[in-house]
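Listing of work17.txt, compact mmCIF, C-alpha atoms
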```txt
# COMPACT_ATOMS: atom_id res chain seq x y z
CA MET A 1 52.78 63.03 161.94
CA ARG A 2 55.94 61.79 163.62
CA LYS A 3 56.32 61.74 167.39
CA ILE A 4 59.10 63.84 168.95
CA LEU A 5 60.64 63.36 172.38
CA LEU A 6 62.54 66.31 173.83
CA ARG A 7 64.55 64.60 176.55
CA GLY A 8 66.19 65.92 179.68
CA MET A 9 66.16 69.63 178.89
CA ARG A 10 65.15 72.52 181.13
CA LEU A 11 61.44 73.05 180.49
CA ILE A 12 60.11 76.51 181.30
CA ASP A 13 56.35 76.95 181.02
CA PRO A 14 55.12 79.99 182.96
CA ALA A 15 51.49 79.09 182.21
CA THR A 16 51.82 75.98 184.40
CA SER A 17 54.46 77.40 186.76
CA THR A 18 56.99 74.82 185.51
CA ASP A 19 60.75 75.25 185.54
CA GLU A 20 62.48 71.89 185.79
CA ARG A 21 64.53 69.40 183.81
CA ILE A 22 62.00 66.92 182.39
CA ASP A 23 61.02 65.18 179.15
CA LEU A 24 58.37 66.39 176.73
CA LEU A 25 56.61 64.05 174.30
CA ILE A 26 54.85 65.42 171.23
CA ALA A 27 52.40 63.17 169.38
CA GLY A 28 49.41 63.85 167.15
CA GLY A 29 50.16 67.56 167.07
CA VAL A 30 49.74 68.04 170.83
CA ILE A 31 51.73 67.79 174.04
CA ALA A 32 51.18 64.10 174.80
CA ALA A 33 53.17 63.73 178.02
CA ARG A 34 55.55 65.48 180.41
CA GLY A 35 57.73 63.81 182.98
CA VAL A 36 60.95 61.98 183.74
CA GLY A 37 62.02 58.82 181.95
CA ILE A 38 59.58 58.90 179.04
CA VAL A 39 60.54 56.07 176.69
CA ALA A 40 61.00 56.72 172.97
CA ASP A 41 59.94 53.95 170.61
CA GLN A 42 61.38 53.40 167.14
CA GLU A 43 58.81 55.73 165.59
CA THR A 44 59.84 58.64 167.80
CA ARG A 45 62.46 61.22 166.96
CA LEU A 46 64.68 61.75 169.99
CA VAL A 47 66.22 65.17 170.65
CA GLU A 48 68.69 65.53 173.52
CA LEU A 49 70.28 68.95 174.09
CA PRO A 50 71.20 69.13 177.78
CA GLY A 51 72.14 72.81 177.73
CA ALA A 52 68.98 73.93 175.93
CA VAL A 53 65.68 75.31 177.17
CA VAL A 54 62.29 74.06 176.02
CA ALA A 55 59.53 76.68 176.18
CA PRO A 56 56.16 77.40 174.62
CA GLY A 57 56.41 78.81 171.11
CA LEU A 58 56.60 82.58 171.38
CA VAL A 59 53.51 84.72 170.81
CA ASP A 60 54.23 88.05 169.09
CA MET A 61 51.13 90.21 169.35
CA HIS A 62 52.34 93.12 167.20
CA VAL A 63 53.51 92.29 163.67
CA HIS A 64 53.19 94.03 160.30
CA LEU A 65 53.14 91.50 157.47
CA ARG A 66 52.48 94.05 154.65
CA GLU A 67 50.29 91.63 152.71
CA PRO A 68 48.07 92.66 151.00
CA GLY A 69 49.62 95.59 149.18
CA ARG A 70 53.35 95.71 149.90
CA GLU A 71 54.55 92.19 149.16
CA ASP A 72 57.92 93.65 148.15
CA GLU A 73 58.53 94.39 151.87
CA GLU A 74 57.02 91.26 153.42
CA THR A 75 54.50 88.55 152.65
CA ILE A 76 52.60 86.32 155.03
CA GLU A 77 54.80 83.44 153.89
CA SER A 78 58.10 85.30 154.38
CA GLY A 79 56.86 86.81 157.63
CA THR A 80 55.97 83.45 159.12
CA ARG A 81 59.32 82.07 157.92
CA ALA A 82 61.02 84.88 159.84
CA ALA A 83 58.75 84.22 162.82
CA VAL A 84 59.69 80.57 163.25
CA HIS A 85 63.37 81.48 162.78
CA GLY A 86 62.85 83.60 165.88
CA GLY A 87 60.97 80.88 167.79
CA ILE A 88 57.55 82.49 167.24
CA THR A 89 54.66 80.11 166.58
CA ALA A 90 51.75 82.56 166.89
CA LEU A 91 51.64 86.15 165.71
CA ALA A 92 49.02 88.87 165.50
CA ALA A 93 48.96 90.71 162.16
CA MET A 94 48.19 94.43 162.26
CA PRO A 95 45.64 95.86 159.80
CA ASN A 96 47.56 98.79 158.29
CA THR A 97 47.97 97.07 154.96
CA GLU A 98 46.96 98.31 151.49
CA PRO A 99 43.96 97.85 151.51
CA THR A 100 43.21 98.01 155.23
CA ILE A 101 42.05 94.84 156.97
CA ASP A 102 38.57 96.19 157.65
CA THR A 103 36.32 93.59 155.96
CA PRO A 104 35.58 89.96 156.86
CA ALA A 105 37.01 88.81 153.51
CA TRP A 106 40.42 90.31 154.25
CA VAL A 107 40.40 88.91 157.80
CA GLU A 108 39.75 85.42 156.40
CA TYR A 109 42.44 85.91 153.75
CA VAL A 110 45.13 86.77 156.32
CA ARG A 111 44.07 84.07 158.79
CA SER A 112 44.03 81.31 156.19
CA ARG A 113 47.55 81.91 154.87
CA GLY A 114 49.52 81.08 158.00
CA ARG A 115 51.33 77.82 157.24
CA LEU A 116 54.49 77.79 159.34
CA ALA A 117 52.98 79.72 162.27
CA GLY A 118 49.53 80.67 163.45
CA VAL A 119 48.47 84.06 162.05
CA HIS A 120 45.83 85.87 164.09
CA PRO A 121 44.40 88.92 162.28
CA ILE A 122 43.82 92.18 164.11
CA ALA A 123 41.18 94.15 162.22
CA ALA A 124 40.83 97.92 161.99
CA ILE A 125 38.73 99.87 164.48
CA THR A 126 37.49 102.27 161.81
CA VAL A 127 36.88 101.97 158.09
CA GLY A 128 40.17 102.60 156.28
CA ARG A 129 41.73 103.49 159.64
CA GLU A 130 40.42 106.99 158.99
CA GLY A 131 39.05 107.45 162.50
CA ARG A 132 35.52 108.38 161.48
CA THR A 133 33.23 105.37 160.96
CA LEU A 134 33.43 102.19 162.98
CA ALA A 135 34.32 99.09 160.99
CA PRO A 136 31.81 96.17 161.25
CA LEU A 137 33.37 94.87 164.45
CA GLY A 138 30.93 91.99 164.99
CA GLU A 139 31.38 90.62 161.48
CA LEU A 140 35.14 91.01 161.71
CA ALA A 141 35.18 89.06 164.98
CA GLU A 142 33.08 86.29 163.43
CA ALA A 143 35.57 86.09 160.55
CA GLY A 144 38.44 85.56 162.99
CA ALA A 145 39.68 88.97 164.11
CA VAL A 146 41.12 88.54 167.62
CA ALA A 147 41.29 92.27 168.42
CA PHE A 148 40.84 95.70 166.84
CA SER A 149 43.36 98.48 166.25
CA ASP A 150 43.99 101.43 163.95
CA ASP A 151 47.70 100.85 164.60
CA GLY A 152 49.90 103.50 163.07
CA ARG A 153 47.26 106.07 164.00
CA SER A 154 45.32 106.98 167.10
CA VAL A 155 41.55 107.25 166.90
CA ALA A 156 41.51 111.02 167.26
CA ASP A 157 37.81 111.43 168.03
CA PRO A 158 37.19 110.31 171.64
CA SER A 159 33.50 109.64 170.95
CA VAL A 160 34.46 107.17 168.19
CA MET A 161 36.99 105.52 170.49
CA ARG A 162 34.40 105.26 173.25
CA ARG A 163 31.89 103.56 170.94
CA ALA A 164 34.62 101.18 169.74
CA LEU A 165 35.39 100.18 173.31
CA GLN A 166 31.69 99.63 174.04
CA TYR A 167 31.12 97.44 170.97
CA ALA A 168 34.34 95.49 171.44
CA SER A 169 33.35 94.76 175.02
CA MET A 170 29.97 93.43 173.88
CA ILE A 171 31.62 90.88 171.56
CA GLY A 172 34.47 89.94 173.90
CA ARG A 173 37.33 91.58 172.05
CA THR A 174 40.15 93.93 173.06
CA ILE A 175 40.89 97.34 171.59
CA ILE A 176 44.61 97.88 170.95
CA ALA A 177 45.46 101.57 171.09
CA HIS A 178 48.22 103.33 169.18
CA CYS A 179 48.75 106.31 171.46
CA GLU A 180 50.05 109.39 169.69
CA ASP A 181 48.26 112.74 169.53
CA GLN A 182 48.99 113.87 165.97
CA ALA A 183 48.43 117.51 166.87
CA LEU A 184 51.33 117.22 169.33
CA VAL A 185 53.45 115.01 167.07
CA GLY A 186 53.12 117.48 164.21
CA SER A 187 56.11 117.17 161.88
CA GLY A 188 58.25 115.62 164.60
CA ILE A 189 60.78 112.92 163.82
CA MET A 190 62.49 112.00 167.09
CA ASN A 191 62.11 112.37 170.84
CA GLU A 192 62.18 115.91 172.20
CA GLY A 193 65.31 116.49 174.27
CA LEU A 194 68.99 117.31 174.15
CA ALA A 195 69.57 114.73 171.42
CA SER A 196 66.99 116.32 169.11
CA THR A 197 68.50 119.75 169.72
CA ARG A 198 71.96 118.45 168.81
CA SER A 199 70.76 116.54 165.77
CA GLY A 200 68.58 119.31 164.36
CA LEU A 201 65.70 116.88 163.82
CA SER A 202 62.13 117.95 164.61
CA PRO A 203 61.12 116.85 168.14
CA ILE A 204 58.16 114.83 169.42
CA PRO A 205 57.33 115.45 173.10
CA THR A 206 56.58 112.50 175.37
CA VAL A 207 53.22 114.08 176.22
CA ALA A 208 52.09 113.28 172.67
CA GLU A 209 51.95 109.63 173.76
CA GLU A 210 50.89 110.16 177.35
CA THR A 211 47.89 112.35 176.50
CA ILE A 212 46.27 109.54 174.50
CA VAL A 213 47.29 106.87 177.04
CA ALA A 214 45.51 108.86 179.76
CA ARG A 215 42.44 109.51 177.57
CA ASP A 216 42.04 105.88 176.51
CA ILE A 217 42.49 104.59 180.06
CA LEU A 218 39.66 106.91 181.20
CA LEU A 219 37.47 105.72 178.32
CA ALA A 220 38.19 102.09 179.18
CA GLN A 221 37.41 102.76 182.83
CA SER A 222 34.08 104.39 181.97
CA THR A 223 33.01 101.58 179.62
CA GLY A 224 34.45 98.59 181.47
CA ALA A 225 36.10 97.47 178.23
CA ARG A 226 39.43 95.73 177.76
CA LEU A 227 42.16 98.05 176.54
CA HIS A 228 45.66 97.14 175.42
CA ILE A 229 48.18 99.92 174.87
CA ALA A 230 50.69 99.23 172.13
CA HIS A 231 54.43 100.01 172.19
CA VAL A 232 54.67 101.97 175.45
CA SER A 233 57.83 104.10 175.35
CA THR A 234 57.76 106.76 178.09
CA ARG A 235 58.06 106.84 181.86
CA GLY A 236 54.83 108.85 182.02
CA SER A 237 52.93 106.12 180.17
CA VAL A 238 54.31 103.49 182.54
CA LYS A 239 53.11 105.53 185.52
CA LEU A 240 49.65 105.96 183.99
CA VAL A 241 49.26 102.24 183.36
CA ARG A 242 50.55 101.35 186.82
CA ARG A 243 48.02 103.68 188.42
CA ALA A 244 45.18 102.41 186.20
CA LYS A 245 45.90 98.81 187.15
CA ALA A 246 45.87 99.76 190.83
CA ASP A 247 42.45 101.34 190.22
CA GLY A 248 41.12 98.14 188.67
CA VAL A 249 40.97 99.26 185.04
CA ALA A 250 41.08 96.35 182.55
CA VAL A 251 44.22 97.62 180.85
CA THR A 252 47.30 95.77 179.62
CA CYS A 253 50.25 97.10 177.68
CA GLU A 254 53.30 96.12 175.71
CA THR A 255 56.71 97.49 174.94
CA CYS A 256 59.25 96.50 172.31
CA PRO A 257 62.94 95.58 172.59
CA HIS A 258 64.12 98.81 171.00
CA TYR A 259 62.60 100.76 173.88
CA PHE A 260 64.71 98.90 176.44
CA CYS A 261 67.82 98.58 174.24
CA LEU A 262 68.21 101.96 172.52
CA THR A 263 67.77 105.65 173.36
CA ASP A 264 67.38 108.87 171.41
CA ASP A 265 71.12 109.38 171.81
CA ASP A 266 71.62 106.49 169.37
CA VAL A 267 69.79 108.48 166.69
CA ARG A 268 72.91 110.63 166.33
CA SER A 269 74.14 107.95 163.91
CA TYR A 270 71.26 108.93 161.58
CA ASP A 271 70.68 105.22 160.95
CA THR A 272 67.18 105.27 159.46
CA SER A 273 66.44 101.87 161.01
CA MET A 274 66.20 103.80 164.28
CA ARG A 275 63.33 105.94 163.06
CA VAL A 276 60.27 104.41 164.73
CA ASN A 277 56.87 105.54 166.02
CA PRO A 278 56.77 106.23 168.91
CA PRO A 279 60.39 107.43 168.69
CA LEU A 280 63.30 106.13 170.73
CA ARG A 281 63.21 107.94 174.06
CA SER A 282 65.65 109.17 176.70
CA ALA A 283 67.80 107.12 179.04
CA GLY A 284 65.33 107.95 181.83
CA ASP A 285 62.46 106.55 179.80
CA LEU A 286 64.46 103.41 179.02
CA LYS A 287 65.08 102.91 182.74
CA ALA A 288 61.35 103.28 183.44
CA ILE A 289 60.49 100.74 180.73
CA ARG A 290 62.89 98.24 182.28
CA GLU A 291 61.40 98.84 185.71
CA GLY A 292 57.90 98.45 184.29
CA LEU A 293 58.88 95.08 182.90
CA ARG A 294 60.50 94.06 186.17
CA ASP A 295 57.55 94.98 188.40
CA GLY A 296 54.87 93.64 186.04
CA THR A 297 53.33 96.95 184.98
CA ILE A 298 54.21 96.10 181.37
CA ASP A 299 52.58 92.81 180.44
CA VAL A 300 54.09 91.95 177.08
CA VAL A 301 57.22 92.26 174.98
CA ALA A 302 56.28 92.42 171.28
CA SER A 303 58.41 93.08 168.24
CA ASP A 304 56.39 95.72 166.32
CA HIS A 305 58.00 94.04 163.28
CA ALA A 306 57.78 96.72 160.57
CA PRO A 307 59.60 95.79 157.36
CA HIS A 308 60.58 98.41 154.78
CA SER A 309 62.44 98.12 151.52
CA LEU A 310 66.10 99.10 151.21
CA GLU A 311 65.18 101.92 148.80
CA GLU A 312 62.70 103.43 151.27
CA LYS A 313 65.20 103.44 154.11
CA GLN A 314 68.25 104.62 152.14
CA VAL A 315 67.19 108.27 152.33
CA GLU A 316 67.61 111.17 154.75
CA PHE A 317 66.48 110.36 158.28
CA ASP A 318 63.45 112.65 158.19
CA ALA A 319 62.31 111.22 154.83
CA ALA A 320 62.48 107.55 155.90
CA PRO A 321 59.31 105.69 156.88
CA PRO A 322 59.19 104.68 160.56
CA GLY A 323 59.75 101.08 161.60
CA MET A 324 62.28 98.29 162.06
CA ILE A 325 62.06 94.53 161.71
CA GLY A 326 62.07 92.62 164.98
CA MET A 327 60.59 89.12 165.09
CA GLU A 328 63.91 87.32 164.67
CA THR A 329 65.68 89.41 167.31
CA LEU A 330 62.79 89.43 169.81
CA LEU A 331 64.12 86.58 171.96
CA PRO A 332 67.86 87.37 171.68
CA LEU A 333 67.42 91.05 172.53
CA THR A 334 65.23 90.24 175.53
CA ILE A 335 67.71 87.68 176.86
CA THR A 336 70.73 89.91 176.22
CA HIS A 337 69.34 93.14 177.68
CA MET A 338 66.89 91.92 180.32
CA VAL A 339 67.99 88.44 181.45
CA ASP A 340 71.76 88.58 181.11
CA THR A 341 71.71 91.92 182.95
CA GLY A 342 69.78 90.42 185.86
CA ILE A 343 66.67 92.57 185.47
CA LEU A 344 64.41 89.61 184.67
CA SER A 345 64.63 85.91 185.33
CA LEU A 346 64.47 83.74 182.23
CA GLY A 347 61.05 82.48 183.32
CA LYS A 348 59.64 85.99 183.62
CA ALA A 349 61.09 86.93 180.26
CA ILE A 350 59.47 83.91 178.61
CA ALA A 351 56.12 84.74 180.21
CA LEU A 352 56.24 88.21 178.60
CA MET A 353 56.49 86.55 175.18
CA THR A 354 54.16 83.56 175.63
CA VAL A 355 51.28 83.22 178.06
CA LYS A 356 50.85 86.95 178.73
CA PRO A 357 50.38 88.05 175.11
CA ALA A 358 48.14 85.02 174.53
CA ARG A 359 45.93 86.17 177.42
CA ALA A 360 45.93 89.78 176.19
CA LEU A 361 44.71 88.59 172.79
CA GLY A 362 42.35 85.99 174.19
CA ILE A 363 43.84 83.18 172.11
CA THR A 364 44.74 79.63 173.07
CA ALA A 365 48.53 79.60 172.94
CA GLY A 366 51.62 80.05 175.07
CA THR A 367 51.54 76.87 177.14
CA LEU A 368 53.05 73.39 177.21
CA ALA A 369 50.25 71.88 179.29
CA THR A 370 49.40 68.27 178.46
CA GLY A 371 46.86 68.24 175.64
CA ALA A 372 47.81 71.72 174.38
CA ALA A 373 48.81 72.30 170.78
CA ALA A 374 52.45 71.34 170.29
CA ASP A 375 53.86 74.83 169.67
CA VAL A 376 57.38 74.73 171.08
CA VAL A 377 60.67 76.59 170.88
CA VAL A 378 64.00 75.01 171.84
CA PHE A 379 66.80 77.53 172.37
CA ASP A 380 70.24 77.87 173.87
CA PRO A 381 70.14 80.88 176.23
CA GLU A 382 73.92 81.16 176.10
CA GLY A 383 74.22 80.47 172.37
CA ARG A 384 75.60 83.39 170.41
CA VAL A 385 73.72 85.01 167.54
CA GLU A 386 75.75 86.99 165.00
CA VAL A 387 73.21 89.35 163.44
CA THR A 388 73.94 89.99 159.76
CA GLY A 389 71.76 90.93 156.84
CA ASP A 390 72.00 87.39 155.48
CA TRP A 391 70.92 85.94 158.85
CA PHE A 392 67.40 87.35 158.52
CA ARG A 393 64.62 85.34 156.86
CA SER A 394 62.48 88.46 156.51
CA LEU A 395 62.35 90.03 153.05
CA SER A 396 63.45 93.31 154.61
CA LYS A 397 66.67 94.00 156.53
CA ASN A 398 65.92 97.31 158.26
CA SER A 399 67.34 96.50 161.68
CA PRO A 400 69.69 98.68 163.73
CA PHE A 401 71.04 95.51 165.35
CA VAL A 402 72.92 94.30 162.27
CA GLY A 403 76.50 93.76 163.40
CA SER A 404 75.47 92.88 166.97
CA THR A 405 76.31 89.69 168.84
CA LEU A 406 73.43 88.58 171.06
CA SER A 407 72.59 85.74 173.43
CA GLY A 408 69.71 83.35 172.85
CA ARG A 409 70.03 81.13 169.81
CA VAL A 410 66.89 79.39 168.56
CA LEU A 411 67.69 75.77 167.75
CA MET A 412 64.28 74.35 166.84
CA THR A 413 60.73 75.60 166.39
CA ILE A 414 57.76 73.24 166.36
CA HIS A 415 54.27 74.30 165.26
CA ASP A 416 51.30 71.95 165.61
CA GLY A 417 53.70 69.07 166.16
CA GLN A 418 55.75 69.71 163.01
CA VAL A 419 59.34 70.96 162.95
CA VAL A 420 59.16 74.20 160.99
CA PHE A 421 62.65 75.52 161.75
CA GLU A 422 65.80 73.71 162.81
CA GLU A 423 69.44 74.57 163.24
CA ASP A 424 72.12 71.97 162.55
CA LEU A 425 71.96 70.19 165.90
CA GLU A 426 75.19 68.22 165.47
CA ASN A 427 77.45 69.06 168.43
CA THR A 428 75.11 71.85 169.44
CA CYS A 429 74.43 72.63 173.08
CA GLY A 430 75.66 69.24 174.29
CA SER A 431 73.69 67.21 171.74
CA SER A 432 74.09 63.46 171.50
CA GLU A 433 76.04 61.98 168.61
CA ASP A 434 73.00 60.54 166.87
CA ASN A 435 71.05 63.82 166.71
CA GLY A 436 72.55 64.72 163.36
CA LYS A 437 71.57 61.33 161.93
CA ARG A 438 68.08 61.62 163.37
CA ALA A 439 67.65 65.11 161.89
CA ALA A 440 68.81 63.88 158.51
CA GLU A 441 66.42 60.92 158.65
CA SER A 442 63.46 63.06 159.71
CA ASN A 443 60.72 63.43 157.11
CA GLU A 444 59.24 66.50 158.81
CA LEU A 445 59.04 69.93 157.20
CA VAL A 446 62.25 71.82 157.98
CA VAL A 447 62.61 75.45 156.98
CA GLY A 448 65.79 77.48 156.92
CA VAL A 449 68.22 74.65 157.61
```
Spell out the structure here as structure tokens.
Amino acid sequence: MRKILLRGMRLIDPATSTDERIDLLIAGGVIAARGVGIVADQETRLVELPGAVVAPGLVDMHVHLREPGREDEETIESGTRAAVHGGITALAAMPNTEPTIDTPAWVEYVRSRGRLAGVHPIAAITVGREGRTLAPLGELAEAGAVAFSDDGRSVADPSVMRRALQYASMIGRTIIAHCEDQALVGSGIMNEGLASTRSGLSPIPTVAEETIVARDILLAQSTGARLHIAHVSTRGSVKLVRRAKADGVAVTCETCPHYFCLTDDDVRSYDTSMRVNPPLRSAGDLKAIREGLRDGTIDVVASDHAPHSLEEKQVEFDAAPPGMIGMETLLPLTITHMVDTGILSLGKAIALMTVKPARALGITAGTLATGAAADVVVFDPEGRVEVTGDWFRSLSKNSPFVGSTLSGRVLMTIHDGQVVFEEDLENTCGSSEDNGKRAAESNELVVGV
């Protein structure tokens, strides 16, 4: 395993409150040293990109990999290839596969197949995600499940949800709640408002989300369990979480880039990539999501990467399955819409995608502390990303951001001390002349070059 010295770049590691221009030495798969003037011997690959940022590999805690069952849309291999292209070195795989990840054997299967990035399975709360019988949570945790969720569906029965929270608390795991009351969602397709009236599409009221957010916060408060609320999209949900945190409830939450980049007004294009659950909300909701990120109410930015085949999405808007891909645009969209606009500092943005999701999941990741696993992303915050269908490494291309130009270009991703993705570094971001030669001479695994 070859040593790598990342020299003289801006190192941002929110987990250790670091933001300074220093060197980082990787050896033996871990962070071996940090400091100024670290010497590289002949066995060390030297990387010098003065305009780049070195940060912990991103942690995406909400990903749909589709394997087992829908390998035509995504596999664990293609999903992790897309992940490292986006600077992600750890991801949490949701259980709404075919079959559901609700047995120890399937948890072990998913966990064992992560080669380019760490794959952390999230197992189902209930058998088959049917909301009736609890899955064997203790056995699933022993097999490697880091959390439990019936993502894609809420657990409709509050007594089942309460028991799930109690059991998860006993074994030190978090329940991740998909908050949508199906009785209120009904046949709805998009957010209820002026845009839905103009489009003629069936509406979904914001209270469909907020009702379950409020219920699950109360259940978490009564049980003392850890609750994480997935893909928060409304101002009401942000207020509920803010109040719960002030009351001492052990609740965290996430949002996704499309909820701070797009609104229901964008659905007028009838681009089926914009059909998501929960739906894109109003401009007022978008503003509240941005404020929730700024003031710390929202803990995590996750992609909710949901690949679908071209055939499934090339239909009428109301017939298309919900979901868009997002791992590869996670960092660029956050930089473009939250950092470049001055809402978040770059350090705060990185924290939302590294140490904070790692803490929410209870996994060891998201830090560049000495001795930590060498999971690293090197990116140019001002580098331009031209998003095209061919740019994606995912098997699916269902993204509404195709055709966009974004900031935040990933240059290199390192997982467990191995280079798993690398751009052509010649003349990139102020690189030294010998970087191209060093990259060519490297015998490390390089994907997507």
If we count all atoms listed in the file, what is near segment 241-256 of chain A at a cut-off of 10 Å, once residues fewer than 5 positions away on the same chain are taken out, given as a ChimeraX atom specification? /A:61-62,174-177,213-214,216-234,236,261,289-290,292-293,295-305,326,330,333-334,352,356-357,359-360
Closest of A:Val238, A:Ala147, A:Leu58, A:Leu91 to Gly362 of chain A - atom-to-atom distances counting only C-alpha atoms: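 Checking each of A:Val238, A:Ala147, A:Leu58, A:Leu91 against Gly362 of chain A, counting only C-alpha atoms, the winner is A:Ala147.
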Which is closer to Asp60 of chain A than all the others in A:Leu137, A:Leu331, A:Leu165, A:Leu368, using only C-alpha atoms?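 Looking only at the distances to Asp60 of chain A, the closest residue turns out to be A:Leu331.
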So that I can see what lies close to segment 1-11 of chain A, please list as a list of chain:residue names the residues with an atom at most 7 Å from it, counting all atoms listed in the file and leaving out residues fewer than 2 positions away in the same chain. A:Asp13, A:Thr18, A:Asp19, A:Glu20, A:Arg21, A:Ile22, A:Asp23, A:Leu24, A:Leu25, A:Ile26, A:Ala27, A:Gly28, A:Ala40, A:Glu43, A:Thr44, A:Arg45, A:Leu46, A:Val47, A:Glu48, A:Leu49, A:Pro50, A:Gly51, A:Ala52, A:Val53, A:Val54, A:Ala55
When you look at His120 of chain A with a cut-off of 7 Å (counting all atoms listed in the file), what residues show up, excluding the ones that are within fewer than 6 positions of it in the same chain? I need them as number ranges by chain. A: 91-93, 111, 145-146
Can you measure atom CA of Thr329 of chain A to atom CA of Arg115 of chain A for me? One decimal in Å is fine. 21.0 Å
Taking (60.5, 79.9, 187.5) in the file's own coordinates, collect the residues within 8 Å, counting all atoms listed in the file, and hand them back as a VMD selection string. chain A and resid 12 14 17 to 19 345 to 348
Determine the nearest neighbour of Gly366 of chain A from the options A:His415, A:Arg393, A:His258, A:His337, counting only C-alpha atoms.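 Among A:His415, A:Arg393, A:His258, A:His337, it is A:His415 that comes nearest to Gly366 of chain A.
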